[in-house]
file coords.cif (mmCIF, C-alpha atoms and all ligand atoms)
data_upload
#
loop_
_atom_site.label_atom_id
_atom_site.label_comp_id
_atom_site.auth_asym_id
_atom_site.auth_seq_id
_atom_site.Cartn_x
_atom_site.Cartn_y
_atom_site.Cartn_z
CA MET G 1 89.82 98.63 -37.49
CA GLY G 2 88.67 97.35 -40.87
CA ASN G 3 88.14 98.83 -44.36
CA LEU G 4 91.31 100.84 -44.02
CA ARG G 5 92.76 103.16 -46.62
CA VAL G 6 96.55 102.99 -46.37
CA LEU G 7 99.28 105.12 -47.94
CA ILE G 8 102.89 103.90 -48.19
CA ILE G 9 105.58 106.51 -48.88
CA GLY G 10 108.70 105.63 -50.88
CA ASN G 11 109.78 103.89 -54.06
CA GLY G 12 112.26 101.17 -53.12
CA GLY G 13 112.29 97.42 -52.62
CA ARG G 14 111.34 97.98 -48.99
CA GLU G 15 108.15 99.78 -50.02
CA HIS G 16 107.23 97.08 -52.55
CA ALA G 17 107.66 94.45 -49.80
CA LEU G 18 105.47 96.48 -47.41
CA ALA G 19 102.83 96.94 -50.12
CA TRP G 20 102.92 93.23 -51.00
CA LYS G 21 102.34 92.33 -47.35
CA LEU G 22 99.69 94.98 -46.60
CA ALA G 23 97.78 94.07 -49.77
CA GLN G 24 97.13 90.66 -48.16
CA SER G 25 95.43 92.18 -45.12
CA PRO G 26 91.70 91.48 -44.69
CA ASP G 27 91.44 94.91 -43.03
CA LEU G 28 92.64 96.77 -46.12
CA GLU G 29 90.15 98.59 -48.28
CA ARG G 30 92.51 100.49 -50.56
CA LEU G 31 96.26 100.91 -50.88
CA PHE G 32 98.29 103.79 -52.32
CA VAL G 33 102.05 104.03 -52.82
CA ALA G 34 103.70 107.43 -53.36
CA PRO G 35 105.51 107.43 -55.69
CA GLY G 36 106.18 103.65 -55.91
CA ASN G 37 107.92 101.74 -58.71
CA ALA G 38 106.91 99.32 -61.48
CA GLY G 39 106.27 96.59 -58.87
CA THR G 40 103.64 98.69 -57.08
CA VAL G 41 102.07 100.07 -60.25
CA LEU G 42 98.53 99.04 -59.21
CA TRP G 43 98.70 101.41 -56.26
CA ASN G 44 100.95 104.26 -57.42
CA VAL G 45 100.30 107.96 -56.89
CA ALA G 46 102.71 110.41 -58.55
CA ILE G 47 103.85 112.35 -55.47
CA SER G 48 107.48 112.44 -54.37
CA ALA G 49 108.40 111.06 -50.93
CA GLN G 50 110.00 114.46 -50.17
CA ASP G 51 106.90 116.55 -50.95
CA ILE G 52 105.43 116.57 -47.45
CA SER G 53 102.73 119.19 -48.05
CA ALA G 54 101.46 117.38 -51.16
CA LEU G 55 101.40 114.09 -49.21
CA VAL G 56 99.40 115.68 -46.38
CA ALA G 57 96.95 117.16 -48.90
CA PHE G 58 96.59 113.79 -50.63
CA ALA G 59 96.00 111.96 -47.34
CA LEU G 60 93.30 114.47 -46.37
CA LYS G 61 91.61 114.34 -49.77
CA GLU G 62 91.65 110.52 -49.93
CA THR G 63 90.71 110.13 -46.23
CA ILE G 64 93.74 107.95 -45.59
CA ASP G 65 93.41 106.04 -42.30
CA LEU G 66 97.08 105.14 -41.91
CA THR G 67 100.30 106.29 -43.61
CA VAL G 68 103.51 104.24 -43.45
CA VAL G 69 106.82 105.96 -44.18
CA GLY G 70 109.65 104.03 -45.86
CA PRO G 71 112.73 106.29 -46.24
CA GLU G 72 114.64 108.29 -43.63
CA ASP G 73 114.64 111.69 -45.39
CA PRO G 74 110.96 112.58 -44.95
CA LEU G 75 111.15 111.36 -41.32
CA SER G 76 114.11 113.66 -40.63
CA GLN G 77 112.22 116.45 -42.40
CA GLY G 78 109.31 116.07 -39.96
CA ILE G 79 106.67 114.30 -42.06
CA VAL G 80 105.22 112.65 -38.94
CA ASP G 81 104.80 115.99 -37.17
CA ALA G 82 103.13 117.44 -40.28
CA PHE G 83 100.66 114.53 -40.47
CA HIS G 84 99.88 114.76 -36.75
CA LYS G 85 99.25 118.49 -37.12
CA ALA G 86 96.72 117.72 -39.85
CA GLY G 87 95.03 115.16 -37.57
CA LEU G 88 96.28 112.20 -39.64
CA ARG G 89 97.48 108.86 -38.31
CA ILE G 90 101.01 107.91 -39.39
CA PHE G 91 103.44 105.12 -38.54
CA GLY G 92 106.96 106.45 -37.89
CA PRO G 93 108.96 108.64 -35.49
CA THR G 94 108.62 112.40 -35.09
CA GLN G 95 111.39 114.67 -36.31
CA ALA G 96 112.84 114.86 -32.80
CA ALA G 97 112.89 111.06 -32.42
CA ALA G 98 114.24 110.57 -35.97
CA GLN G 99 117.44 112.31 -34.81
CA LEU G 100 118.53 108.84 -33.68
CA GLU G 101 119.38 108.25 -37.34
CA GLY G 102 119.68 111.85 -38.53
CA SER G 103 122.62 112.70 -36.29
CA LYS G 104 125.32 110.20 -35.38
CA SER G 105 126.50 112.35 -32.47
CA PHE G 106 122.93 112.54 -31.11
CA ALA G 107 122.68 108.74 -31.40
CA LYS G 108 125.93 108.36 -29.45
CA ILE G 109 124.64 110.67 -26.69
CA ILE G 110 121.48 108.57 -26.37
CA MET G 111 123.52 105.34 -26.33
CA GLU G 112 125.62 106.82 -23.56
CA SER G 113 122.66 107.89 -21.42
CA ALA G 114 121.02 104.49 -22.00
CA LYS G 115 124.33 102.74 -21.09
CA ILE G 116 124.38 100.77 -24.33
CA PRO G 117 127.64 99.06 -25.34
CA THR G 118 129.06 100.83 -28.40
CA ALA G 119 132.38 101.82 -30.00
CA LYS G 120 134.35 104.52 -28.13
CA TRP G 121 133.90 107.84 -29.88
CA LYS G 122 134.62 111.57 -30.05
CA THR G 123 133.20 114.36 -32.23
CA PHE G 124 135.15 117.11 -34.02
CA GLU G 125 134.46 120.18 -36.08
CA ASP G 126 138.09 121.18 -36.51
CA ASN G 127 140.41 119.30 -38.92
CA GLU G 128 143.62 119.77 -36.93
CA GLN G 129 142.09 118.59 -33.66
CA ALA G 130 140.55 115.61 -35.45
CA LYS G 131 143.90 114.70 -37.02
CA THR G 132 145.73 114.95 -33.71
CA TYR G 133 143.16 112.54 -32.25
CA VAL G 134 143.48 110.16 -35.23
CA ARG G 135 147.27 110.10 -34.73
CA THR G 136 146.76 109.27 -31.04
CA ILE G 137 144.38 106.35 -31.56
CA GLY G 138 145.98 105.17 -34.83
CA ALA G 139 144.39 102.94 -37.49
CA PRO G 140 142.16 101.09 -38.00
CA CYS G 141 139.47 103.57 -37.00
CA VAL G 142 136.09 104.64 -38.36
CA LEU G 143 135.16 108.16 -39.48
CA LYS G 144 131.55 109.22 -39.93
CA ALA G 145 129.87 112.35 -41.25
CA ASP G 146 127.43 113.36 -38.51
CA GLY G 147 124.34 113.83 -40.69
CA LEU G 148 122.42 111.80 -43.28
CA ALA G 149 124.65 110.96 -46.24
CA ALA G 150 122.57 108.28 -48.02
CA GLY G 151 124.60 105.50 -46.38
CA LYS G 152 127.86 106.86 -47.80
CA GLY G 153 129.09 108.95 -44.88
CA VAL G 154 131.10 106.19 -43.17
CA ILE G 155 134.78 105.55 -43.90
CA VAL G 156 136.43 102.52 -42.32
CA ALA G 157 140.13 103.50 -42.43
CA MET G 158 142.51 100.57 -42.23
CA ASP G 159 145.62 102.79 -42.29
CA LEU G 160 146.57 106.18 -40.86
CA GLU G 161 146.88 107.91 -44.23
CA THR G 162 143.32 106.97 -45.23
CA ALA G 163 142.07 108.14 -41.84
CA LEU G 164 143.78 111.54 -42.18
CA GLN G 165 142.41 111.96 -45.70
CA ALA G 166 138.92 111.02 -44.47
CA VAL G 167 139.06 113.85 -41.91
CA ASP G 168 139.52 116.39 -44.70
CA GLU G 169 137.05 114.67 -47.00
CA ILE G 170 134.27 114.79 -44.40
CA LEU G 171 134.96 118.20 -42.84
CA GLU G 172 135.77 119.99 -46.08
CA GLY G 173 132.38 119.72 -47.65
CA GLY G 174 132.46 116.34 -49.38
CA PHE G 175 129.21 115.51 -47.59
CA GLY G 176 127.57 118.95 -47.52
CA ALA G 177 125.71 119.88 -44.33
CA ALA G 178 125.98 116.26 -43.12
CA GLY G 179 129.75 116.74 -42.81
CA LYS G 180 129.86 119.86 -40.60
CA ARG G 181 130.67 117.57 -37.73
CA LEU G 182 132.73 114.40 -37.71
CA VAL G 183 132.45 111.38 -35.41
CA ILE G 184 135.59 109.28 -34.98
CA GLU G 185 135.11 105.79 -33.58
CA GLU G 186 136.99 102.80 -32.38
CA PHE G 187 137.06 100.02 -35.03
CA LEU G 188 135.09 96.93 -33.98
CA THR G 189 135.16 93.47 -35.53
CA GLY G 190 132.51 90.78 -35.63
CA GLN G 191 129.50 89.70 -37.66
CA GLU G 192 126.80 92.29 -38.15
CA VAL G 193 123.10 91.68 -37.52
CA SER G 194 120.17 94.01 -38.20
CA LEU G 195 117.44 93.85 -35.58
CA LEU G 196 114.32 95.83 -36.45
CA CYS G 197 111.72 96.42 -33.74
CA PHE G 198 108.14 97.64 -33.87
CA CYS G 199 107.74 100.34 -31.20
CA ASP G 200 104.75 102.21 -29.80
CA GLY G 201 106.73 104.55 -27.55
CA GLU G 202 106.66 102.16 -24.61
CA THR G 203 106.64 98.57 -25.87
CA ALA G 204 108.96 97.05 -28.48
CA PHE G 205 108.57 93.77 -30.38
CA PRO G 206 111.58 92.45 -32.29
CA MET G 207 111.16 91.38 -35.89
CA ALA G 208 113.00 88.37 -37.30
CA PRO G 209 116.78 89.03 -37.18
CA VAL G 210 118.54 89.68 -40.50
CA GLN G 211 122.07 89.71 -41.88
CA ASP G 212 122.70 92.24 -44.64
CA HIS G 213 125.60 92.18 -47.14
CA LYS G 214 126.77 95.77 -47.40
CA ARG G 215 129.80 95.40 -49.65
CA ALA G 216 129.44 95.45 -53.41
CA LEU G 217 131.52 92.35 -54.16
CA GLU G 218 131.56 88.70 -53.14
CA GLY G 219 133.57 87.85 -50.05
CA ASP G 220 132.56 91.22 -48.51
CA LEU G 221 134.99 93.13 -50.72
CA GLY G 222 134.56 96.39 -52.61
CA LEU G 223 132.65 99.54 -51.74
CA ASN G 224 129.89 99.87 -49.17
CA THR G 225 126.40 99.90 -50.70
CA GLY G 226 122.86 100.28 -49.44
CA GLY G 227 122.81 96.46 -49.19
CA MET G 228 123.38 93.73 -51.80
CA GLY G 229 121.25 91.05 -50.16
CA THR G 230 119.92 89.66 -46.92
CA TYR G 231 118.91 86.46 -45.23
CA SER G 232 116.95 85.62 -42.10
CA PRO G 233 117.52 84.24 -39.55
CA PRO G 234 121.33 84.30 -39.23
CA PRO G 235 122.39 81.20 -37.22
CA ILE G 236 124.88 83.29 -35.19
CA TRP G 237 121.88 85.03 -33.58
CA THR G 238 120.35 83.22 -30.59
CA ALA G 239 117.26 83.66 -28.41
CA GLU G 240 119.59 84.54 -25.56
CA ILE G 241 121.33 87.33 -27.49
CA GLU G 242 117.92 88.64 -28.54
CA ALA G 243 116.60 88.72 -24.97
CA ASN G 244 119.74 90.56 -23.81
CA VAL G 245 119.55 93.08 -26.65
CA MET G 246 115.86 93.77 -26.00
CA ARG G 247 116.59 94.30 -22.28
CA ASP G 248 119.91 96.16 -22.48
CA PHE G 249 119.63 98.07 -25.78
CA VAL G 250 116.02 98.52 -26.89
CA ALA G 251 114.16 99.04 -23.59
CA PRO G 252 116.70 101.63 -22.28
CA THR G 253 116.59 103.50 -25.61
CA LEU G 254 112.80 103.77 -25.46
CA GLN G 255 113.02 104.85 -21.84
CA VAL G 256 115.57 107.60 -22.52
CA MET G 257 113.51 108.84 -25.48
CA ARG G 258 110.36 108.94 -23.30
CA GLU G 259 112.18 110.79 -20.54
CA ARG G 260 113.33 113.41 -23.05
CA GLY G 261 109.70 113.97 -24.05
CA THR G 262 110.28 112.47 -27.51
CA PRO G 263 108.87 108.94 -27.31
CA PHE G 264 109.81 106.66 -30.19
CA GLN G 265 106.98 105.27 -32.32
CA GLY G 266 107.82 103.40 -35.52
CA VAL G 267 110.60 100.99 -36.44
CA LEU G 268 113.73 101.16 -34.32
CA PHE G 269 116.42 99.39 -36.34
CA LEU G 270 119.58 98.41 -34.47
CA GLY G 271 122.74 97.89 -36.54
CA LEU G 272 124.56 95.49 -34.22
CA ILE G 273 128.01 93.96 -34.34
CA LEU G 274 128.64 90.74 -32.42
CA THR G 275 132.11 91.26 -30.94
CA GLU G 276 134.10 88.93 -28.67
CA GLN G 277 132.95 91.12 -25.77
CA GLY G 278 129.30 90.66 -26.78
CA PRO G 279 126.91 92.64 -28.97
CA LYS G 280 127.64 96.33 -29.51
CA LEU G 281 125.50 98.94 -31.23
CA LEU G 282 126.99 100.48 -34.39
CA GLU G 283 124.01 102.64 -35.26
CA TYR G 284 120.30 103.27 -35.04
CA ASN G 285 118.04 103.62 -38.04
CA VAL G 286 114.51 104.87 -37.53
CA ARG G 287 112.74 102.98 -40.32
CA PHE G 288 112.43 99.63 -42.05
CA GLY G 289 115.73 98.48 -43.59
CA ASP G 290 116.25 97.90 -47.27
CA PRO G 291 116.80 95.00 -48.18
CA GLU G 292 116.05 93.74 -44.63
CA THR G 293 112.31 94.35 -45.05
CA GLN G 294 112.10 92.03 -48.07
CA VAL G 295 113.06 88.94 -46.01
CA VAL G 296 111.25 90.12 -42.87
CA MET G 297 107.94 90.51 -44.76
CA LYS G 298 108.44 87.15 -46.47
CA ARG G 299 108.79 85.51 -43.04
CA LEU G 300 106.05 87.43 -41.22
CA GLU G 301 103.14 85.09 -40.58
CA SER G 302 100.86 87.65 -38.91
CA ASP G 303 98.91 90.39 -40.61
CA LEU G 304 101.10 93.53 -40.69
CA LEU G 305 98.28 96.07 -40.66
CA PRO G 306 97.00 95.52 -37.08
CA ILE G 307 100.60 95.67 -35.80
CA LEU G 308 101.27 99.06 -37.40
CA TRP G 309 97.89 100.28 -36.20
CA ALA G 310 98.60 99.13 -32.63
CA CYS G 311 101.92 101.04 -32.67
CA THR G 312 100.13 104.27 -33.55
CA GLU G 313 97.68 103.71 -30.70
CA GLY G 314 100.26 102.82 -28.02
CA ARG G 315 98.71 99.34 -27.82
CA LEU G 316 101.47 97.19 -29.30
CA ALA G 317 101.52 94.95 -26.20
CA GLU G 318 98.13 93.55 -27.33
CA ALA G 319 99.26 92.75 -30.89
CA GLN G 320 100.09 89.32 -32.33
CA LEU G 321 103.44 88.77 -34.01
CA ALA G 322 104.23 85.31 -35.41
CA TRP G 323 107.06 84.26 -37.73
CA LYS G 324 107.41 81.37 -40.17
CA GLU G 325 110.03 78.74 -39.39
CA ASP G 326 111.27 79.02 -42.97
CA VAL G 327 114.51 80.75 -43.91
CA ALA G 328 114.29 83.65 -46.37
CA VAL G 329 116.94 85.03 -48.72
CA CYS G 330 116.87 88.21 -50.82
CA VAL G 331 119.38 88.67 -53.65
CA VAL G 332 119.65 92.26 -54.88
CA MET G 333 120.16 92.72 -58.61
CA ALA G 334 121.71 96.12 -59.23
CA ALA G 335 122.42 98.21 -62.29
CA PRO G 336 125.63 97.66 -64.26
CA GLY G 337 128.33 99.75 -62.53
CA TYR G 338 126.58 100.04 -59.14
CA PRO G 339 127.57 101.39 -56.58
CA ALA G 340 129.74 103.71 -58.73
CA ALA G 341 128.18 105.60 -61.66
CA TYR G 342 125.63 103.23 -63.15
CA VAL G 343 123.62 102.78 -66.31
CA LYS G 344 119.86 103.48 -66.32
CA GLY G 345 117.12 102.43 -68.72
CA VAL G 346 118.25 98.79 -69.10
CA PRO G 347 115.32 96.69 -70.42
CA ILE G 348 114.37 93.84 -68.08
CA HIS G 349 112.27 90.73 -68.70
CA LEU G 350 110.90 88.90 -65.70
CA PRO G 351 109.70 85.29 -65.70
CA GLU G 352 106.26 84.53 -64.34
CA VAL G 353 106.64 83.54 -60.68
CA LYS G 354 104.25 80.65 -60.16
CA ASN G 355 105.28 79.45 -56.75
CA SER G 356 104.35 81.27 -53.55
CA ASP G 357 107.80 80.50 -52.12
CA SER G 358 109.34 83.31 -54.21
CA VAL G 359 108.62 86.92 -55.07
CA ILE G 360 110.54 89.46 -57.12
CA PHE G 361 110.42 92.79 -55.30
CA HIS G 362 111.05 95.82 -57.48
CA ALA G 363 113.25 98.75 -56.39
CA GLY G 364 114.65 101.03 -59.12
CA THR G 365 112.22 100.04 -61.88
CA GLY G 366 109.86 101.91 -64.14
CA ILE G 367 107.89 101.41 -67.32
CA SER G 368 109.01 103.14 -70.48
CA GLU G 369 106.95 102.72 -73.65
CA GLY G 370 105.39 99.57 -72.24
CA GLN G 371 108.76 98.05 -71.38
CA LEU G 372 110.06 97.34 -67.85
CA VAL G 373 113.35 99.23 -67.41
CA SER G 374 115.84 99.97 -64.64
CA THR G 375 115.65 103.47 -63.15
CA GLY G 376 118.01 103.24 -60.17
CA GLY G 377 121.03 101.56 -58.58
CA ARG G 378 119.40 98.70 -56.78
CA VAL G 379 116.80 97.37 -59.20
CA LEU G 380 115.32 94.05 -58.01
CA GLY G 381 115.22 92.04 -54.76
CA VAL G 382 114.75 88.40 -55.66
CA THR G 383 113.33 86.89 -52.50
CA ALA G 384 112.69 83.23 -51.69
CA GLU G 385 111.92 81.08 -48.71
CA GLY G 386 112.85 77.47 -48.02
CA LYS G 387 113.01 74.93 -45.22
CA THR G 388 116.74 75.56 -44.93
CA LEU G 389 119.10 78.37 -45.90
CA HIS G 390 120.55 76.07 -48.56
CA GLU G 391 117.12 75.52 -50.08
CA ALA G 392 116.14 79.21 -49.91
CA ARG G 393 119.40 80.15 -51.67
CA GLN G 394 118.80 77.55 -54.39
CA ILE G 395 115.28 78.82 -55.07
CA ALA G 396 116.38 82.47 -55.07
CA TYR G 397 119.34 81.95 -57.42
CA ALA G 398 117.31 79.70 -59.77
CA LEU G 399 114.93 82.63 -60.15
CA VAL G 400 117.79 85.14 -60.57
CA ASP G 401 119.06 82.98 -63.44
CA GLN G 402 115.70 83.23 -65.21
CA ILE G 403 115.68 87.04 -65.15
CA GLU G 404 116.81 88.81 -68.31
CA PHE G 405 118.66 91.86 -67.07
CA PRO G 406 121.78 92.38 -69.21
CA LYS G 407 125.00 92.98 -67.21
CA ALA G 408 123.14 93.15 -63.90
CA HIS G 409 125.45 93.32 -60.92
CA PHE G 410 124.69 90.90 -58.07
CA ARG G 411 126.49 88.69 -55.56
CA ARG G 412 126.41 84.89 -55.74
CA ASP G 413 127.28 84.51 -52.05
CA ILE G 414 124.26 85.97 -50.26
CA GLY G 415 123.72 83.87 -47.12
CA VAL G 416 126.92 81.83 -47.49
CA LYS G 417 128.09 83.12 -44.09
CA GLY G 418 125.15 81.35 -42.51
CA LEU G 419 125.70 77.91 -44.12
P1 LIG G 501 126.75 102.75 -40.37
O1 LIG G 501 126.19 103.60 -41.49
O2 LIG G 501 127.10 103.49 -39.14
O3 LIG G 501 126.00 101.47 -40.18
O4 LIG G 501 128.13 102.19 -40.96
C1 LIG G 501 128.15 101.48 -42.18
C2 LIG G 501 129.02 100.28 -42.02
O5 LIG G 501 130.33 100.67 -41.60
C3 LIG G 501 128.54 99.31 -40.92
O6 LIG G 501 127.56 98.44 -41.37
C4 LIG G 501 129.84 98.61 -40.60
O7 LIG G 501 130.13 97.61 -41.55
C5 LIG G 501 130.87 99.71 -40.73
N1 LIG G 501 131.13 100.31 -39.40
C6 LIG G 501 130.49 101.36 -38.83
N2 LIG G 501 130.97 101.61 -37.61
C7 LIG G 501 131.97 100.73 -37.39
C8 LIG G 501 132.86 100.47 -36.29
N3 LIG G 501 132.86 101.22 -35.20
N4 LIG G 501 133.73 99.45 -36.43
C9 LIG G 501 133.76 98.69 -37.55
N5 LIG G 501 132.96 98.88 -38.60
C10 LIG G 501 132.06 99.88 -38.53
N1 LIG G 502 120.24 97.82 -45.31
C1 LIG G 502 120.61 98.84 -44.42
C2 LIG G 502 119.69 99.97 -44.32
O1 LIG G 502 118.54 99.92 -44.70
O2 LIG G 502 120.10 101.00 -43.81
#
call {"tool": "encode", "arguments": {"input": "coords.cif", "output": "structure tokens"}}
result
Amino acid sequence: MGNLRVLIIGNGGREHALAWKLAQSPDLERLFVAPGNAGTVLWNVAISAQDISALVAFALKETIDLTVVGPEDPLSQGIVDAFHKAGLRIFGPTQAAAQLEGSKSFAKIIMESAKIPTAKWKTFEDNEQAKTYVRTIGAPCVLKADGLAAGKGVIVAMDLETALQAVDEILEGGFGAAGKRLVIEEFLTGQEVSLLCFCDGETAFPMAPVQDHKRALEGDLGLNTGGMGTYSPPPIWTAEIEANVMRDFVAPTLQVMRERGTPFQGVLFLGLILTEQGPKLLEYNVRFGDPETQVVMKRLESDLLPILWACTEGRLAEAQLAWKEDVAVCVVMAAPGYPAAYVKGVPIHLPEVKNSDSVIFHAGTGISEGQLVSTGGRVLGVTAEGKTLHEARQIAYALVDQIEFPKAHFRRDIGVKGL
């Protein structure tokens, strides 16, 4: 290792956080981000994250030593297989292994073979059969489009009428190909925790645990979003829970995937819910979370590059992974109107960040005629660390208050659950 040329794929806050961390590595020679955002402008290459053949060609031309994939779509489309075929090293799961996120029914089958505690479930392709089942189990229940639906394919139905409507909505084309099949699940209650793990196919190392805030409004009200903010570590998470989850959830998943001939290399992200009967698995993601990665990278003491490299070599067991004691908070500032139809092109003025305890990660940002503007739904991830959660929140919100972003939508209660 050393003098490495690294390519990051994606354009969100997660990718800016990965770029920010990798740029600090003594082993890095040159960084590229495709396509990136205004926060990664030093490293940007104008190639879309979906254009797999152009990304392969770029990596060959620029003799990229390691590629790191941010979003789920290119993984589900087989970007890792395409890079391997071209003899290129890439961090992330193959198309077959990415099915853990790409198909909710596949994920449930793996959870079952690995004997992982999860919500009871059934799959349907026929509306009438699904409705008969919904009437039998009653509300509340959870209905999910089987395929990738940009985080919008899950309906938590608190009453029977909503559940019956959701059956039609999902199966009758509201979610395109993702909605050909429907998964209906038992409703679980408890606090949610995101646990991301580095995996090399055999070994898994947990990252710092994170709590996301998925709902748009304070007090966990309003619509589900990609995530309005995160903090790490959540006090509800203990070393004992972590040891149990690594033994009973992560290790059996890796084993089942190996036995199927599709070993999992990359980030295995468990969406857990801590119920009265113990932790249960809501879902797998096969990539870094957004905005989980922003706080995880802020707290990672070790160099990220050797860890990713070790995963691609099947030598993760030899890697070093150390975390700061500090607490980190990330407050997402979204476009006016988000998560419904939102405004784009809002001019933004950022203060100079002088202290190393904070960093403003960009997500949906761009530069238009020399001016920083919003280009997406989630726009900034204002991230801070402090000795305590209280302090980290104070630093993060003090910075939020210095940002000029007219009518930005954000929550004032990120991390309050952990106080
Ligand atoms: P998913 O995309 O599967 O993570 O679902 C999105 C969100 O829906 C989760 O973060 C939970 O808040 C909620 N959810 C999913 N499955 C269930 C379940 N079985 N019981 C309760 N809430 C759920
Ligand atoms: N923040 C949740 C996700 O990345 O899926």
call {"tool": "closest_residue", "arguments": {"input": "coords.cif", "among": "G:Ala310, G:Val41, G:Cys330, G:Leu22", "to": "G:Thr365", "atoms": "all atoms listed in the file"}}
result
G:Val41
call {"tool": "closest_atom_pairs", "arguments": {"input": "coords.cif", "of": "chain G", "to": "ligand LIG 501 (chain G)", "cutoff": "6 Å", "atoms": "all atoms listed in the file", "output": "tab-separated table"}}
result
residue	atom	partner	partner_atom	distance
G:Ala119	CA	G:LIG501	N3	5.3
G:Val142	CA	G:LIG501	C8	5.7
G:Gly151	CA	G:LIG501	O1	5.5
G:Val154	CA	G:LIG501	O4	5.5
G:Glu185	CA	G:LIG501	N3	5.3
G:Glu186	CA	G:LIG501	N3	5.2
G:Phe187	CA	G:LIG501	N4	3.7
G:Leu188	CA	G:LIG501	N4	3.8
G:Thr189	CA	G:LIG501	C9	5.8
G:Leu282	CA	G:LIG501	N2	5.2
G:Glu283	CA	G:LIG501	O2	5.0
call {"tool": "residues_near_ligand", "arguments": {"input": "coords.cif", "ligand": "ligand LIG 502 (chain G)", "cutoff": "10 Å", "atoms": "all atoms listed in the file", "output": "MDAnalysis selection string"}}
result
chainID G and resid 14 70:72 101 150:151 194 210:214 225:230 269:271 283:293
call {"tool": "atom_distance", "arguments": {"input": "coords.cif", "atom1": "atom CA of G:Gln255", "atom2": "atom CA of G:Glu112"}}
result
12.9 Å
call {"tool": "residues_around", "arguments": {"input": "coords.cif", "residues": "G:Gly173", "least_positions_apart": "6", "cutoff": "12 Å", "atoms": "only C-alpha atoms", "output": "ChimeraX atom specification"}}
result
/G:125,127,145,149,153,166-167,179-182
call {"tool": "atom_distance", "arguments": {"input": "coords.cif", "atom1": "atom CA of G:Pro406", "atom2": "atom CA of G:Ala335"}}
result
9.1 Å
call {"tool": "closest_residue", "arguments": {"input": "coords.cif", "among": "G:Ala216, G:Ala97, G:Ala239, G:Ala363", "to": "G:Phe410", "atoms": "only C-alpha atoms"}}
result
G:Ala216
call {"tool": "atom_distance", "arguments": {"input": "coords.cif", "atom1": "atom CA of G:Gly377", "atom2": "atom CA of G:Arg411"}}
result
14.3 Å
call {"tool": "closest_residue", "arguments": {"input": "coords.cif", "among": "G:Gly381, G:Gly386, G:Gly366, G:Pro339", "to": "G:Lys324", "atoms": "all atoms listed in the file"}}
result
G:Gly386
call {"tool": "closest_atom_pairs", "arguments": {"input": "coords.cif", "of": "stretch 283-344 of chain G", "to": "stretch 199-202 of chain G", "cutoff": "10 Å", "atoms": "all atoms listed in the file", "output": "Markdown table"}}
result
| residue | atom | partner | partner_atom | distance |
| --- | --- | --- | --- | --- |
| G:Ile307 | CA | G:Cys199 | CA | 9.7 |
| G:Leu308 | CA | G:Asp200 | CA | 8.9 |
| G:Trp309 | CA | G:Asp200 | CA | 9.6 |
| G:Ala310 | CA | G:Asp200 | CA | 7.4 |
| G:Cys311 | CA | G:Asp200 | CA | 4.2 |
| G:Thr312 | CA | G:Asp200 | CA | 6.3 |
| G:Glu313 | CA | G:Asp200 | CA | 7.3 |
| G:Gly314 | CA | G:Asp200 | CA | 4.9 |
| G:Arg315 | CA | G:Asp200 | CA | 7.0 |
| G:Leu316 | CA | G:Asp200 | CA | 6.0 |
| G:Ala317 | CA | G:Asp200 | CA | 8.7 |
call {"tool": "decode", "arguments": {"input": "coords.cif", "residues": "stretch 150-167 of chain G", "atoms": "C-alpha atoms", "output": "PDB file, in the first residue's frame"}}
result
ATOM      1  CA  ALA G 150     -35.250   5.084  -2.894  1.00  0.00           C
ATOM      2  CA  GLY G 151     -36.256   4.584   0.750  1.00  0.00           C
ATOM      3  CA  LYS G 152     -39.919   5.276  -0.031  1.00  0.00           C
ATOM      4  CA  GLY G 153     -41.238   1.745  -0.472  1.00  0.00           C
ATOM      5  CA  VAL G 154     -42.223   1.179   3.172  1.00  0.00           C
ATOM      6  CA  ILE G 155     -45.676   1.989   4.540  1.00  0.00           C
ATOM      7  CA  VAL G 156     -46.258   1.659   8.278  1.00  0.00           C
ATOM      8  CA  ALA G 157     -50.072   1.281   8.438  1.00  0.00           C
ATOM      9  CA  MET G 158     -51.570   2.163  11.797  1.00  0.00           C
ATOM     10  CA  ASP G 159     -55.119   1.270  10.700  1.00  0.00           C
ATOM     11  CA  LEU G 160     -56.700  -1.378   8.489  1.00  0.00           C
ATOM     12  CA  GLU G 161     -57.902   1.051   5.827  1.00  0.00           C
ATOM     13  CA  THR G 162     -54.388   2.440   5.266  1.00  0.00           C
ATOM     14  CA  ALA G 163     -53.030  -1.108   5.095  1.00  0.00           C
ATOM     15  CA  LEU G 164     -55.589  -2.154   2.460  1.00  0.00           C
ATOM     16  CA  GLN G 165     -54.867   0.972   0.417  1.00  0.00           C
ATOM     17  CA  ALA G 166     -51.121   0.293   0.682  1.00  0.00           C
ATOM     18  CA  VAL G 167     -51.626  -3.160  -0.857  1.00  0.00           C
TER      19      VAL G 167
END
